[in-house]
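Trainee: Please read through the structure below; I'll follow up with questions.
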Amino acid sequence: MTTFASLGLSKPILAALEAKGYNTPTPIQMQAIPPLLEGKDLCGIAQTGTGKTAAFALPSIQYLSENQQPLRPHQCRMLVLSPTRELAAQIADSFKTYGKQSRISVECVFGGVPINRQIRALARGVDVLVATPGRLLDLVDQRAINLKQVEIFVLDEADQMLDLGFIHALKRIATIIPKQRQSLFFSATMPKTIADLGAQFLNDPVKVSVAPQSTTAERVEQFVTFVHAKEKQALLTLTLQAEEAAIDRALIFTRTKHGADRVVKNLQAARIPCAAIHGNKSQGQRTAALDAFRKGEIRILVATDIAARGIDVSGVSHVINFELPNVAEQYVHRIGRTARAGREGIAISFVDGEERAYLKQIERLTRVQLEQRPLPSNFDAEKHKLPKPVAKPEAPKRSQGNYRRDDGQRRDRPEGGERRRYGPKPGGVGAHKGSVRKTGGR
Ligand code: AMP
C-alpha cells in the first residue's frame with residue numbers, strides 16, 4: 001500500500017499529516033508528490049476536493065525547508081496564484097497546517113481588503129506567497145514585492161483564471177518571474193486554450209489527471225424539478241422547509257449576484273436563516289458568511305459560481321441549483337461541493353423552460369440522466385401561504401452602469417463580469433512563447 005512515507009516525504013511533514021489525521025495519500029498525491037520532489041514541472045487535471053492542495057504544498061514545503069535561505073526583504077521563494085480570495089485563503093491555511101513543523105513562513109494577499117497590512121507583511125520577505133493576480137500586481141507596482149527570487153510557481157484553477165479574464169495579468173506575471181524555476185499548473189478542465197496557456201509556463205511537465213472533467217461525483221443523487229421561473233422561489237422555500245431535518249448544510253447556486261441577494265431576502269422573509277456569498281459582498285462579509293457556514297451557525301449559503309468555486313466545506317448535504325449554469329462543466333463543479341470525503345449528497349436542479357437546453361448539455365457531459373422529481377403535491381396551495389417574493393427590479397429606461405442585453409433589457413450582471421480589469425480577451429500569450437521557460441532544473 002502506498003503511504004505518505006513511501007512517497008519520500010520527510011519526518012516533519014509526516015508528523016503534520018498525522019496530526020491532521022491523513023492516513024493514505026489521495027490519487028493525485030500519489031501521482032504528483034514523487035515527481036515534484038524531484039523538481040519536475042507538473043501539469044495536473046484535478047479539481048478541488050481531490051487533495052490537490054496537499055499534492056503541491058507537501059513537496060514544496062519539503063524543498064523549501066530542506067533548502068532554507070534567509071528571507072530577503074520584499075521577496076518570496078514560492079508563488080501560488082489562485083483566482084479567488086476564498087481559495088487563496090484556504091490554500092494559505094493548508095500551507096500553514098502542513099508546514100507547522102517545517103519553519104515555513106506563509107502570507108496570503110488578495111483584493112477587497114486594505115493593502116497596507118499586506119505591504120507591511122511582505123517587507124521582511126516570505127517563503128510562500130499565495131495571491132490573487134490583481135492584488136499581486138498592485139503590490140508589485142508598489143514595490144512591496146518583487147518576484148525575482150521565485151523558485152516554485154503554482155498556477156491553480158487555470159480554467160477559472162481565464163473565465164475571470166486574468167489572462168493579461170498572468171501574461172505580465174509570467175514576464176517577471178525567473179525563467180529558471182519549477183512550475184505547476186492545475187486546471188479542472190483542459191480544453192485547448194488552457195493547455196496552450198499551460199505550455200507557456202511549463203517545461204517538459206509530468207502530466208497527472210484525476211477524476212476526468214465529465215465524471216459527476218458518483219455518490220451524489222441528482223434530481224431535476226421542472227418549474228416556472230416565477231415559482232422557483234416558492235419551490236425553494238418549500239423544499240428547504242420539507243427537507244429541514246435532512247439538511248446538514250445546503251449550498252444554493254444562483255447565476256447572478258442580485259439573484260443571490262433576492263433569494264436570501266425571500267428565505268429570510270420565510271424565517272429561514274441564510275447568508276449570501278458573491279463578488280459584491282465585502283471581504284469581511286464573505287469571510288463571516290463562510291465561517292458561519294463552516295461552523296454550522298447557518299446551514300444555508302446562497303452563492304454564485306465564482307464565489308463558491310474551490311470552497312472546501314465538509315458536510316454539505318444538499319446542493320440546490322436555483323438556476324442552472326450555462327456552462328455544463330460548472331454543474332460538475334457545483335455538485336462536487338457535496339458528497340465530499342466519502343459522504344453522500346443530494347443535488348436538486350430547478351429548471352424552467354429556457355434552461356432545458358442547458359440541462360441537455362449537462363446530461364450529455366455527465367452521461368447521467370437526472371431523476372425527475374415532481375413539484376410537491378400541495379405546491380399550489382402551499383405557495384400562496386408564503387410571504388410575497390421580492391420582485392426583480394424593473395429595468396429603468398436609461399441608467400449608467402446598467403448591464404444591457406442586445407434587446408435593451410437590463411439583466412443582472414453574471415458574477416465575474418466586474419472583475420475583468422485586465423481585459424476580457426483570452427489568448428495572446430503566444431507572444432511570450434518560450435520566454436518563460438525554465439532553462440534548467442532548480
Ligand atoms: P483539496 O482538493 O486540496 O481542496 O482537498 C480537499 C479536502 O481533502 C481538504 O479538506 C483536505 O484537507 C482533505 N485531504 C487532502 N488530502 C487528504 C488525505 N490524504 N486524506 C484525507 N483528507 C485529505
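In the C-alpha cells, chains take letters A, B, ... by order of appearance, with residues numbered from 1 within each chain and ligands from 1 in the order shown.
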Which polymer residues have any atom within 9 Å of an atom of Pro12 of chain A, counting only C-alpha atoms, with same-chain residues fewer than 4 positions away left out, as number ranges by chain?

Mentor: A: 16-17, 62, 98-102

Trainee: Excluding Leu136 of chain A and any residue of its chain fewer than 6 positions from it, enumerate the residues within 9 Å of it, using only C-alpha atoms, and give them as a list in words.

Mentor: Leu81, Val109, Phe110, Gly111, Ile145 and Ile173 of chain A

Trainee: Could you dump the residues just selected with C-alpha atoms as an mmCIF file, in the first residue's frame?

Mentor:
data_model
loop_
_atom_site.group_PDB
_atom_site.id
_atom_site.type_symbol
_atom_site.label_atom_id
_atom_site.label_comp_id
_atom_site.auth_asym_id
_atom_site.auth_seq_id
_atom_site.Cartn_x
_atom_site.Cartn_y
_atom_site.Cartn_z
ATOM 1 C CA LEU A 81 -1.750 32.081 -7.789
ATOM 2 C CA VAL A 109 -2.720 38.562 -0.347
ATOM 3 C CA PHE A 110 -5.922 39.334 -2.201
ATOM 4 C CA GLY A 111 -8.063 42.311 -3.142
ATOM 5 C CA ILE A 145 7.049 42.531 -3.554
ATOM 6 C CA ILE A 173 3.395 37.853 -14.087
#

Trainee: Can you tell me how far atom CA of Glu221 of chain A sits from atom CA of Ala289 of chain A, in Å to one decimal?

Mentor: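 Spanning atom CA of Glu221 of chain A to atom CA of Ala289 of chain A is a straight-line distance of 26.5 Å.
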
Trainee: Per residue of chain A within 9 Å of ligand 1, note the shortest atom pair and the distance in Å to one decimal, counting only C-alpha atoms and all ligand atoms, and order the rows by chain and increasing residue number, as a Markdown table.

Mentor:
| residue | atom | partner | partner_atom_place_in_ligand_line | distance |
| --- | --- | --- | --- | --- |
| A:Phe4 | CA | ligand 1 | 19 (N) | 8.3 |
| A:Leu17 | CA | ligand 1 | 19 (N) | 8.1 |
| A:Lys20 | CA | ligand 1 | 12 (O) | 8.0 |
| A:Gly21 | CA | ligand 1 | 21 (C) | 7.0 |
| A:Tyr22 | CA | ligand 1 | 20 (N) | 4.1 |
| A:Asn23 | CA | ligand 1 | 20 (N) | 5.9 |
| A:Thr24 | CA | ligand 1 | 19 (N) | 5.0 |
| A:Pro25 | CA | ligand 1 | 19 (N) | 4.0 |
| A:Thr26 | CA | ligand 1 | 19 (N) | 4.9 |
| A:Pro27 | CA | ligand 1 | 19 (N) | 8.6 |
| A:Gln29 | CA | ligand 1 | 19 (N) | 7.3 |
| A:Ala46 | CA | ligand 1 | 2 (O) | 8.0 |
| A:Gln47 | CA | ligand 1 | 2 (O) | 6.4 |
| A:Thr48 | CA | ligand 1 | 2 (O) | 3.6 |
| A:Gly49 | CA | ligand 1 | 2 (O) | 3.4 |
| A:Thr50 | CA | ligand 1 | 2 (O) | 3.9 |
| A:Gly51 | CA | ligand 1 | 2 (O) | 3.4 |
| A:Lys52 | CA | ligand 1 | 3 (O) | 4.2 |
| A:Thr53 | CA | ligand 1 | 3 (O) | 3.6 |
| A:Ala54 | CA | ligand 1 | 3 (O) | 5.6 |
| A:Ala55 | CA | ligand 1 | 3 (O) | 7.5 |
| A:Phe56 | CA | ligand 1 | 3 (O) | 8.9 |
| A:Leu87 | CA | ligand 1 | 4 (O) | 8.6 |
| A:Gln90 | CA | ligand 1 | 4 (O) | 8.0 |
| A:Ile91 | CA | ligand 1 | 3 (O) | 7.7 |
| A:Ser94 | CA | ligand 1 | 12 (O) | 7.4 |
| A:Gly310 | CA | ligand 1 | 4 (O) | 6.8 |
| A:Ile311 | CA | ligand 1 | 4 (O) | 7.5 |
| A:Asp312 | CA | ligand 1 | 4 (O) | 5.7 |
| A:Val313 | CA | ligand 1 | 10 (O) | 7.2 |
| A:Ser314 | CA | ligand 1 | 10 (O) | 7.0 |
| A:Arg340 | CA | ligand 1 | 7 (C) | 7.7 |
| A:Ala341 | CA | ligand 1 | 8 (O) | 6.8 |

Trainee: Using only C-alpha atoms, find the one residue out of A:Val210, A:Leu37, A:Leu122, A:Val154 that sits nearest to Ser105 of chain A.

Mentor: A:Leu122

Trainee: Write out as number ranges by chain the residues lying within 8 Å of Ala88 of chain A, counting only C-alpha atoms and excluding same-chain residues fewer than 4 positions away.

Mentor: A: 81-84, 92, 108-110, 130-132

Trainee: The selected residues should be written to file as a PDB file, in the first residue's frame (atoms: all heavy atoms).

Mentor:
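Output (part16.pdb):
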ATOM      1  N   LEU A  81      -0.682  31.201  -7.314  1.00  0.00           N
ATOM      2  CA  LEU A  81      -1.750  32.081  -7.789  1.00  0.00           C
ATOM      3  C   LEU A  81      -3.085  31.368  -7.746  1.00  0.00           C
ATOM      4  O   LEU A  81      -3.215  30.243  -8.241  1.00  0.00           O
ATOM      5  CB  LEU A  81      -1.478  32.514  -9.231  1.00  0.00           C
ATOM      6  CG  LEU A  81      -0.327  33.482  -9.457  1.00  0.00           C
ATOM      7  CD1 LEU A  81      -0.261  33.853 -10.930  1.00  0.00           C
ATOM      8  CD2 LEU A  81      -0.468  34.726  -8.599  1.00  0.00           C
ATOM      9  N   SER A  82      -4.063  32.040  -7.171  1.00  0.00           N
ATOM     10  CA  SER A  82      -5.414  31.473  -7.089  1.00  0.00           C
ATOM     11  C   SER A  82      -6.395  32.484  -7.683  1.00  0.00           C
ATOM     12  O   SER A  82      -6.203  33.686  -7.531  1.00  0.00           O
ATOM     13  CB  SER A  82      -5.744  31.226  -5.614  1.00  0.00           C
ATOM     14  OG  SER A  82      -7.117  31.383  -5.377  1.00  0.00           O
ATOM     15  N   PRO A  83      -7.438  32.031  -8.352  1.00  0.00           N
ATOM     16  CA  PRO A  83      -8.355  33.006  -8.948  1.00  0.00           C
ATOM     17  C   PRO A  83      -9.246  33.715  -7.935  1.00  0.00           C
ATOM     18  O   PRO A  83      -9.677  34.830  -8.181  1.00  0.00           O
ATOM     19  CB  PRO A  83      -9.205  32.153  -9.896  1.00  0.00           C
ATOM     20  CG  PRO A  83      -9.104  30.763  -9.381  1.00  0.00           C
ATOM     21  CD  PRO A  83      -7.783  30.649  -8.696  1.00  0.00           C
ATOM     22  N   THR A  84      -9.550  33.080  -6.823  1.00  0.00           N
ATOM     23  CA  THR A  84     -10.488  33.717  -5.883  1.00  0.00           C
ATOM     24  C   THR A  84      -9.851  33.898  -4.507  1.00  0.00           C
ATOM     25  O   THR A  84      -8.918  33.198  -4.125  1.00  0.00           O
ATOM     26  CB  THR A  84     -11.784  32.897  -5.692  1.00  0.00           C
ATOM     27  OG1 THR A  84     -11.452  31.655  -5.053  1.00  0.00           O
ATOM     28  CG2 THR A  84     -12.476  32.615  -7.012  1.00  0.00           C
ATOM     29  N   ALA A  92      -3.528  29.074   1.672  1.00  0.00           N
ATOM     30  CA  ALA A  92      -2.562  29.576   2.654  1.00  0.00           C
ATOM     31  C   ALA A  92      -2.722  28.838   3.985  1.00  0.00           C
ATOM     32  O   ALA A  92      -1.731  28.462   4.628  1.00  0.00           O
ATOM     33  CB  ALA A  92      -2.740  31.081   2.845  1.00  0.00           C
ATOM     34  N   CYS A 108      -0.673  35.559   2.610  1.00  0.00           N
ATOM     35  CA  CYS A 108      -1.739  35.460   1.623  1.00  0.00           C
ATOM     36  C   CYS A 108      -2.200  36.881   1.296  1.00  0.00           C
ATOM     37  O   CYS A 108      -2.445  37.667   2.212  1.00  0.00           O
ATOM     38  CB  CYS A 108      -2.888  34.655   2.226  1.00  0.00           C
ATOM     39  SG  CYS A 108      -4.245  34.412   1.091  1.00  0.00           S
ATOM     40  N   VAL A 109      -2.263  37.218   0.022  1.00  0.00           N
ATOM     41  CA  VAL A 109      -2.720  38.562  -0.347  1.00  0.00           C
ATOM     42  C   VAL A 109      -3.817  38.473  -1.399  1.00  0.00           C
ATOM     43  O   VAL A 109      -3.737  37.682  -2.336  1.00  0.00           O
ATOM     44  CB  VAL A 109      -1.554  39.440  -0.882  1.00  0.00           C
ATOM     45  CG1 VAL A 109      -0.521  39.690   0.207  1.00  0.00           C
ATOM     46  CG2 VAL A 109      -0.889  38.852  -2.117  1.00  0.00           C
ATOM     47  N   PHE A 110      -4.855  39.253  -1.205  1.00  0.00           N
ATOM     48  CA  PHE A 110      -5.922  39.334  -2.201  1.00  0.00           C
ATOM     49  C   PHE A 110      -6.613  40.682  -2.092  1.00  0.00           C
ATOM     50  O   PHE A 110      -6.415  41.406  -1.109  1.00  0.00           O
ATOM     51  CB  PHE A 110      -6.922  38.179  -2.052  1.00  0.00           C
ATOM     52  CG  PHE A 110      -7.380  37.911  -0.651  1.00  0.00           C
ATOM     53  CD1 PHE A 110      -8.168  38.817   0.027  1.00  0.00           C
ATOM     54  CD2 PHE A 110      -7.015  36.717  -0.017  1.00  0.00           C
ATOM     55  CE1 PHE A 110      -8.602  38.550   1.322  1.00  0.00           C
ATOM     56  CE2 PHE A 110      -7.444  36.446   1.280  1.00  0.00           C
ATOM     57  CZ  PHE A 110      -8.239  37.364   1.945  1.00  0.00           C
ATOM     58  N   VAL A 130       0.769  33.289  -1.296  1.00  0.00           N
ATOM     59  CA  VAL A 130      -0.431  32.869  -2.028  1.00  0.00           C
ATOM     60  C   VAL A 130      -1.172  34.152  -2.398  1.00  0.00           C
ATOM     61  O   VAL A 130      -1.402  35.005  -1.529  1.00  0.00           O
ATOM     62  CB  VAL A 130      -1.334  31.966  -1.160  1.00  0.00           C
ATOM     63  CG1 VAL A 130      -2.489  31.432  -2.003  1.00  0.00           C
ATOM     64  CG2 VAL A 130      -0.539  30.821  -0.552  1.00  0.00           C
ATOM     65  N   ALA A 131      -1.527  34.293  -3.671  1.00  0.00           N
ATOM     66  CA  ALA A 131      -2.060  35.587  -4.105  1.00  0.00           C
ATOM     67  C   ALA A 131      -3.109  35.428  -5.190  1.00  0.00           C
ATOM     68  O   ALA A 131      -3.094  34.455  -5.947  1.00  0.00           O
ATOM     69  CB  ALA A 131      -0.910  36.445  -4.643  1.00  0.00           C
ATOM     70  N   THR A 132      -4.000  36.409  -5.267  1.00  0.00           N
ATOM     71  CA  THR A 132      -4.846  36.532  -6.463  1.00  0.00           C
ATOM     72  C   THR A 132      -4.086  37.476  -7.408  1.00  0.00           C
ATOM     73  O   THR A 132      -3.348  38.354  -6.952  1.00  0.00           O
ATOM     74  CB  THR A 132      -6.237  37.088  -6.108  1.00  0.00           C
ATOM     75  OG1 THR A 132      -6.077  38.293  -5.365  1.00  0.00           O
ATOM     76  CG2 THR A 132      -7.038  36.086  -5.293  1.00  0.00           C
TER      77      THR A 132
END

Trainee: Restricting the calculation to only C-alpha atoms: of A:Cys43, A:Ile104, A:Leu238, A:Ala347, which residue gets closest to Gln372 of chain A?

Mentor: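 Smallest separation from Gln372 of chain A among the options: A:Ala347.
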
Trainee: Identify which of the residues A:Gln149, A:Asn203, A:Gln233, A:Thr2 lies closest to Phe185 of chain A, counting only C-alpha atoms when measuring atom-to-atom distances.

Mentor: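 So, comparing all the options, the nearest one is A:Asn203.
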
Trainee: Quote the spacing between atom CA of Pro133 of chain A and atom CA of Ile28 of chain A in Å to one decimal place.

Mentor: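 Calculated distance between atom CA of Pro133 of chain A and atom CA of Ile28 of chain A is 25.2 Å.
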
Trainee: Could you tell me, as a list in words, which residues of segment 280-326 of chain A DSSP assigns to strand (DSSP E or B) when given the backbone?

Mentor: Ile300, Leu301, Val302, Ala303, His318, Val319, Ile320 and Asn321 of chain A

Trainee: Have a look at A:Glu107, A:Asp291, A:Asp380, A:Asp204 and name the one nearest to Phe95 of chain A; count only C-alpha atoms.

Mentor: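 The closest residue to Phe95 of chain A is A:Glu107.
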
Trainee: Apply DSSP to the structure's backbone, then extract all residues of segment 22-240 of chain A labelled alpha helix (DSSP H) and return them as a PyMOL selection string.

Mentor: chain A and resi 27-37+52-66+85-98+116-122+133-141+158-163+167-176+192-201+232-240

Trainee: Using only C-alpha atoms, which of the listed residues (A:Val332, A:Ala303, A:Ala242, A:Ala269) sits closest to Asn378 of chain A?

Mentor: A:Ala242
